[in-house]
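Enquirer: Below is one structure. I have some questions about it.
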Amino acid sequence: MPSILILGATSDIAQAVANKFASQNYDLILAGRNLNELERIQKDLIIRYKVSISIAEFEALALEKHEDFVAQFNPLPEITACVFGYLGDQEKAQKEWNEAAQIIHINFTAAISILSVIANKYEAQKYGCIIGISSVAGERGRQSNYFYGSAKAGFSIFLDGLRNRLFKSNVHVITVKPGFVDTKMTFGLPLPKPLTAKPHHLGDAIYKAYLSKTNTLYVLWMWKWIMLIIRLIPENIFKKMKL
Ligand SMILES: NC(=O)c1ccc[n+]([C@@H]2O[C@H](COP(=O)([O-])OP(=O)(O)OC[C@H]3O[C@@H](n4cnc5c(N)ncnc54)[C@H](OP(=O)(O)O)[C@@H]3O)[C@@H](O)[C@H]2O)c1
């Protein structure tokens with residue numbers, strides 16, 4: 001049976017990915033730091049799908065445990081989706097380093113640490129697919145979220161480099177760049193409806209991107225063009241805008 005390891009499996013987007021892959025007969029390993037919630041999600045998925053679904057404890061910030069975490073899987077699922085992330089509080093991060101550090105270390109340091117271990121395994125076995133959930137926020141720095149945005153920018157560049165390195169080893173890397181998504185992370189934020197995806201849109205789009213070996217996936221499609229325009233605005237104009 002094909003299988004997928006989902007890191008940050010309690011996330012709303014991760015649950016949509018889990019549902020989609022399980023519906024296509026993929027076995028799942030759901031990894032996260034909240035075991036009670038993982039068990040609840042596991043039970044729900046077991047009722048719906050006839051695939052094997054296991055759970056594993058994973059604290060992204062425990063970098064020193066990443067090697068052992070990966071070593072426990074034999075074989076390692078041939079797909080890994082790195083979904084965990086932390087939006088954080090931009091204003092708090094401007095004043096308190098701890099908040100800034102959380103944003104940087106969860107979205108960037110932890111993600112590149114765990115994926116580096118997995119990349120080495122996939123490279124050695126000469127197959128595998130890494131799916132990294134980055135963000136359009138990483139495409140241009142804005143005053144309202146530049147801690148999160150810069151961490152995601154770093155993550156996107158890391159994924160680009162990994163794709164380039166692993167191509168010759170038959171390992172594919174997908175960078176997912178969602179715009180707004182209606183999840184716990186954005187709960188209460190005033191998101192424009194036409195530009196806001198539901199988690200199941202991501203589940204479907206990520207599965208398609210996996211089949212078609214897409215390199216960079218924007219969800220919804222208009223975000224690709226929105227970000228193109230945003231990137232093209234000259235800095236002298238951009239810096240005066242309140243974004
Ligand atoms: N929602 C959006 O508009 C949007 C847009 C672009 C990109 N994204 C990205 O999409 C991904 C999924 O986000 P979401 O919207 O589904 O948000 P979410 O439901 O809030 O999920 C965030 C996930 O990250 C996990 N997490 C945070 N810190 C962790 C840590 N130290 N160790 C292990 N797991 C940790 C959380 O685990 P707990 O349940 O234990 O807290 C949760 O599973 C993130 O990478 C996010 O940056 C989201």
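So you can find residues: chains in the structure tokens are A, B, ... in the order shown, residues in each start at 1, and ligands are numbered from 1 in order.
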Can you pull out the residues contacting A:Leu87? Cut-off 7 Å, using only C-alpha atoms, and skip same-chain residues under 6 positions away; I want them as a ChimeraX atom specification.
Expert: /A:103,148,185
Enquirer: Considering only strand (DSSP E) as DSSP defines it on the backbone, what residues of stretch 30-236 of chain A qualify? List them as a PyMOL selection string.
Expert: chain A and resi 30-32+53-57+79-82+128-133+171-178+180-181+196-197+216-219
Enquirer: Save out the residues we just selected, C-alpha atoms, as a PDB file, in the first residue's frame.
Expert:
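The result, written out as part14.pdb:
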ATOM      1  CA  LEU A  30      -0.448  11.157  11.480  1.00  0.00           C
ATOM      2  CA  ALA A  31       2.275  12.972  13.426  1.00  0.00           C
ATOM      3  CA  GLY A  32       1.780  15.805  15.876  1.00  0.00           C
ATOM      4  CA  ILE A  53      -3.862   4.816  10.017  1.00  0.00           C
ATOM      5  CA  SER A  54      -1.309   5.184  12.783  1.00  0.00           C
ATOM      6  CA  ILE A  55      -0.226   8.097  14.939  1.00  0.00           C
ATOM      7  CA  ALA A  56       3.196   9.293  16.099  1.00  0.00           C
ATOM      8  CA  GLU A  57       4.265  11.917  18.591  1.00  0.00           C
ATOM      9  CA  ILE A  79       5.376  10.823   0.720  1.00  0.00           C
ATOM     10  CA  THR A  80       5.962  13.317   3.531  1.00  0.00           C
ATOM     11  CA  ALA A  81       3.756  16.381   3.924  1.00  0.00           C
ATOM     12  CA  CYS A  82       5.176  19.070   6.217  1.00  0.00           C
ATOM     13  CA  GLY A 128       9.965   9.780  -2.498  1.00  0.00           C
ATOM     14  CA  CYS A 129       8.009  13.006  -2.498  1.00  0.00           C
ATOM     15  CA  ILE A 130       8.181  15.929  -0.083  1.00  0.00           C
ATOM     16  CA  ILE A 131       5.252  18.325   0.144  1.00  0.00           C
ATOM     17  CA  GLY A 132       5.975  21.546   2.035  1.00  0.00           C
ATOM     18  CA  ILE A 133       3.207  23.956   2.988  1.00  0.00           C
ATOM     19  CA  VAL A 171      12.650  12.567  -5.473  1.00  0.00           C
ATOM     20  CA  HIS A 172      10.078  15.249  -6.111  1.00  0.00           C
ATOM     21  CA  VAL A 173       9.470  18.339  -3.947  1.00  0.00           C
ATOM     22  CA  ILE A 174       6.249  20.338  -4.058  1.00  0.00           C
ATOM     23  CA  THR A 175       6.039  23.847  -2.632  1.00  0.00           C
ATOM     24  CA  VAL A 176       2.463  24.687  -1.699  1.00  0.00           C
ATOM     25  CA  LYS A 177       1.735  28.402  -1.469  1.00  0.00           C
ATOM     26  CA  PRO A 178      -1.802  28.920  -0.206  1.00  0.00           C
ATOM     27  CA  PHE A 180      -6.001  32.687   2.730  1.00  0.00           C
ATOM     28  CA  VAL A 181      -7.450  29.422   4.052  1.00  0.00           C
ATOM     29  CA  THR A 196     -10.336  32.312   0.806  1.00  0.00           C
ATOM     30  CA  ALA A 197      -9.972  28.582   0.198  1.00  0.00           C
ATOM     31  CA  THR A 216       4.879  25.103  -7.010  1.00  0.00           C
ATOM     32  CA  LEU A 217       1.191  25.053  -6.249  1.00  0.00           C
ATOM     33  CA  TYR A 218      -0.886  28.169  -5.612  1.00  0.00           C
ATOM     34  CA  VAL A 219      -4.288  27.628  -4.017  1.00  0.00           C
TER      35      VAL A 219
END
Enquirer: Measuring atom to atom with only C-alpha atoms and all ligand atoms, identify which of A:Asn19, A:Ser116, A:Gln102, A:Thr183 is nearest to ligand 1.
Expert: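 Answer, going by the shortest atom-to-atom distance: A:Thr183.
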Enquirer: Listing only residues of chain A within 7 Å of ligand 1, what is the closest atom pair and its distance in Å (to one decimal) for each, using only C-alpha atoms and all ligand atoms, sorted by chain and residue number ascending, as a Markdown table?
Expert:
| residue | atom | partner | partner_atom_place_in_ligand_line | distance |
| --- | --- | --- | --- | --- |
| A:Gly8 | CA | ligand 1 | 43 (O) | 4.0 |
| A:Ala9 | CA | ligand 1 | 43 (O) | 5.3 |
| A:Thr10 | CA | ligand 1 | 43 (O) | 3.9 |
| A:Ser11 | CA | ligand 1 | 21 (O) | 3.4 |
| A:Asp12 | CA | ligand 1 | 16 (O) | 4.0 |
| A:Ile13 | CA | ligand 1 | 16 (O) | 3.9 |
| A:Ala14 | CA | ligand 1 | 16 (O) | 6.1 |
| A:Gly32 | CA | ligand 1 | 33 (C) | 5.2 |
| A:Arg33 | CA | ligand 1 | 40 (O) | 4.9 |
| A:Asn34 | CA | ligand 1 | 40 (O) | 4.7 |
| A:Phe58 | CA | ligand 1 | 33 (C) | 5.8 |
| A:Glu59 | CA | ligand 1 | 32 (N) | 3.9 |
| A:Ala60 | CA | ligand 1 | 32 (N) | 3.7 |
| A:Leu61 | CA | ligand 1 | 31 (N) | 4.9 |
| A:Val83 | CA | ligand 1 | 11 (C) | 4.7 |
| A:Phe84 | CA | ligand 1 | 24 (O) | 3.4 |
| A:Gly85 | CA | ligand 1 | 45 (O) | 3.5 |
| A:Tyr86 | CA | ligand 1 | 27 (C) | 5.3 |
| A:Leu87 | CA | ligand 1 | 47 (O) | 6.0 |
| A:Ile106 | CA | ligand 1 | 31 (N) | 5.8 |
| A:Asn107 | CA | ligand 1 | 45 (O) | 6.7 |
| A:Ile133 | CA | ligand 1 | 45 (O) | 5.2 |
| A:Ser134 | CA | ligand 1 | 7 (C) | 5.5 |
| A:Ser135 | CA | ligand 1 | 6 (C) | 4.2 |
| A:Val136 | CA | ligand 1 | 6 (C) | 6.5 |
| A:Lys177 | CA | ligand 1 | 6 (C) | 6.3 |
| A:Pro178 | CA | ligand 1 | 6 (C) | 4.4 |
| A:Gly179 | CA | ligand 1 | 5 (C) | 5.1 |
| A:Phe180 | CA | ligand 1 | 3 (O) | 3.7 |
| A:Val181 | CA | ligand 1 | 3 (O) | 3.6 |
| A:Asp182 | CA | ligand 1 | 1 (N) | 5.8 |
| A:Thr183 | CA | ligand 1 | 15 (O) | 4.8 |
| A:Lys184 | CA | ligand 1 | 19 (O) | 4.6 |
| A:Met185 | CA | ligand 1 | 20 (O) | 3.8 |
| A:Thr186 | CA | ligand 1 | 1 (N) | 5.3 |
Enquirer: Restricting it to C-alpha atoms, dump the selection as a short mmCIF file (atom, residue, chain, number, x, y, z; two decimals), in the first residue's frame.
Expert:
data_model
loop_
_atom_site.label_atom_id
_atom_site.label_comp_id
_atom_site.auth_asym_id
_atom_site.auth_seq_id
_atom_site.Cartn_x
_atom_site.Cartn_y
_atom_site.Cartn_z
CA GLY A 8 1.36 18.58 11.98
CA ALA A 9 -1.58 16.28 11.40
CA THR A 10 -3.99 18.10 13.74
CA SER A 11 -4.00 21.12 11.42
CA ASP A 12 -7.17 21.72 9.44
CA ILE A 13 -5.26 21.61 6.17
CA ALA A 14 -3.49 18.40 7.23
CA GLY A 32 1.78 15.81 15.88
CA ARG A 33 2.29 16.98 19.43
CA ASN A 34 -1.30 16.59 20.68
CA PHE A 58 6.10 14.81 16.95
CA GLU A 59 7.19 18.09 18.50
CA ALA A 60 8.60 20.18 15.68
CA LEU A 61 10.78 22.28 17.99
CA VAL A 83 2.08 20.98 7.28
CA PHE A 84 2.78 22.34 10.76
CA GLY A 85 3.13 26.09 11.10
CA TYR A 86 2.58 29.06 13.37
CA LEU A 87 1.16 32.43 12.29
CA ILE A 106 8.41 26.61 13.86
CA ASN A 107 7.96 27.79 10.27
CA ILE A 133 3.21 23.96 2.99
CA SER A 134 4.71 27.41 2.68
CA SER A 135 2.66 30.56 1.99
CA VAL A 136 2.18 33.45 -0.41
CA LYS A 177 1.73 28.40 -1.47
CA PRO A 178 -1.80 28.92 -0.21
CA GLY A 179 -3.35 32.36 0.05
CA PHE A 180 -6.00 32.69 2.73
CA VAL A 181 -7.45 29.42 4.05
CA ASP A 182 -10.38 29.14 6.42
CA THR A 183 -8.75 27.28 9.35
CA LYS A 184 -8.07 27.59 13.10
CA MET A 185 -5.02 29.66 12.18
CA THR A 186 -7.07 32.40 10.56
#
Enquirer: Using backbone DSSP assignments, extract all helix (DSSP H, G or I) residues from stretch 84-190 of chain A; output them as an MDAnalysis selection string.
Expert: chainID A and resid 90:95 97:125 136:138 146:169 184:186
Enquirer: Put those residues in a file: C-alpha atoms, as a CSV table (one decimal), in the first residue's frame.
Expert:
chain,number,residue,atom,x,y,z
A,90,GLN,CA,3.4,40.2,14.4
A,91,GLU,CA,3.0,43.2,16.9
A,92,LYS,CA,4.0,41.0,19.8
A,93,ALA,CA,7.0,39.6,17.8
A,94,GLN,CA,8.2,43.2,17.2
A,95,LYS,CA,8.5,43.7,21.0
A,97,TRP,CA,11.9,38.0,20.9
A,98,ASN,CA,10.3,34.9,22.3
A,99,GLU,CA,7.3,35.4,20.0
A,100,ALA,CA,9.6,36.2,17.0
A,101,ALA,CA,11.7,33.1,17.7
A,102,GLN,CA,8.6,30.9,17.9
A,103,ILE,CA,7.5,32.1,14.4
A,104,ILE,CA,10.9,31.7,12.9
A,105,HIS,CA,11.7,28.3,14.5
A,106,ILE,CA,8.4,26.6,13.9
A,107,ASN,CA,8.0,27.8,10.3
A,108,PHE,CA,11.6,27.7,9.2
A,109,THR,CA,14.2,26.0,11.5
A,110,ALA,CA,12.0,23.0,12.5
A,111,ALA,CA,10.7,22.5,9.0
A,112,ILE,CA,14.1,22.5,7.4
A,113,SER,CA,15.5,20.3,10.2
A,114,ILE,CA,13.0,17.5,9.8
A,115,LEU,CA,12.9,17.7,6.0
A,116,SER,CA,16.7,17.5,5.8
A,117,VAL,CA,16.6,14.2,7.6
A,118,ILE,CA,13.8,12.9,5.4
A,119,ALA,CA,15.5,14.2,2.2
A,120,ASN,CA,18.6,12.2,3.0
A,121,LYS,CA,16.5,9.0,3.4
A,122,TYR,CA,14.6,9.6,0.1
A,123,GLU,CA,17.9,10.5,-1.7
A,124,ALA,CA,19.5,7.2,-0.6
A,125,GLN,CA,16.5,5.1,-1.6
A,136,VAL,CA,2.2,33.4,-0.4
A,137,ALA,CA,3.2,35.5,2.6
A,138,GLY,CA,6.7,34.6,1.8
A,146,TYR,CA,7.0,40.1,8.0
A,147,PHE,CA,8.2,37.7,10.8
A,148,TYR,CA,5.9,34.9,9.5
A,149,GLY,CA,6.5,36.0,5.9
A,150,SER,CA,10.2,35.9,6.1
A,151,ALA,CA,10.2,32.5,7.8
A,152,LYS,CA,8.0,31.2,5.0
A,153,ALA,CA,10.2,32.9,2.4
A,154,GLY,CA,13.1,31.0,3.8
A,155,PHE,CA,11.2,27.8,3.8
A,156,SER,CA,10.1,28.3,0.1
A,157,ILE,CA,13.7,28.9,-1.0
A,158,PHE,CA,14.8,25.8,1.0
A,159,LEU,CA,12.2,23.7,-0.8
A,160,ASP,CA,13.4,25.1,-4.2
A,161,GLY,CA,16.9,24.1,-3.4
A,162,LEU,CA,15.9,20.7,-2.2
A,163,ARG,CA,13.9,20.1,-5.4
A,164,ASN,CA,16.9,21.0,-7.5
A,165,ARG,CA,19.2,18.7,-5.4
A,166,LEU,CA,16.9,15.7,-5.4
A,167,PHE,CA,15.7,15.8,-9.0
A,168,LYS,CA,18.5,13.5,-10.1
A,169,SER,CA,17.6,11.1,-7.3
A,184,LYS,CA,-8.1,27.6,13.1
A,185,MET,CA,-5.0,29.7,12.2
A,186,THR,CA,-7.1,32.4,10.6
Enquirer: One decimal, Å: what's the distance from atom CA of A:Leu38 over to atom CA of A:Glu64, could you say?
Expert: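 Value for the atom CA of A:Leu38-atom CA of A:Glu64 distance: 22.4 Å.
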Enquirer: What is the atom CA of A:Lys65 to atom CA of A:Ile29 distance in Å?
Expert: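 Atom-to-atom, atom CA of A:Lys65 and atom CA of A:Ile29 are spaced 17.5 Å apart.
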Enquirer: Have a look at A:Leu232, A:Asp44, A:Leu220, A:Met1 and name the one nearest to A:His200; count only C-alpha atoms.
Expert: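 Among the listed residues, A:Leu220 lies closest to A:His200.
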Enquirer: Using only C-alpha atoms, which residue out of A:Phe21, A:Gln15, A:His66, A:Glu96 lies closest to A:Tyr210?
Expert: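 Result for the nearest residue to A:Tyr210: A:Phe21.
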Enquirer: When you draw a straight line from atom CA of A:Phe73 to atom CA of A:Leu5, how long is it in Å?
Expert: 9.7 Å
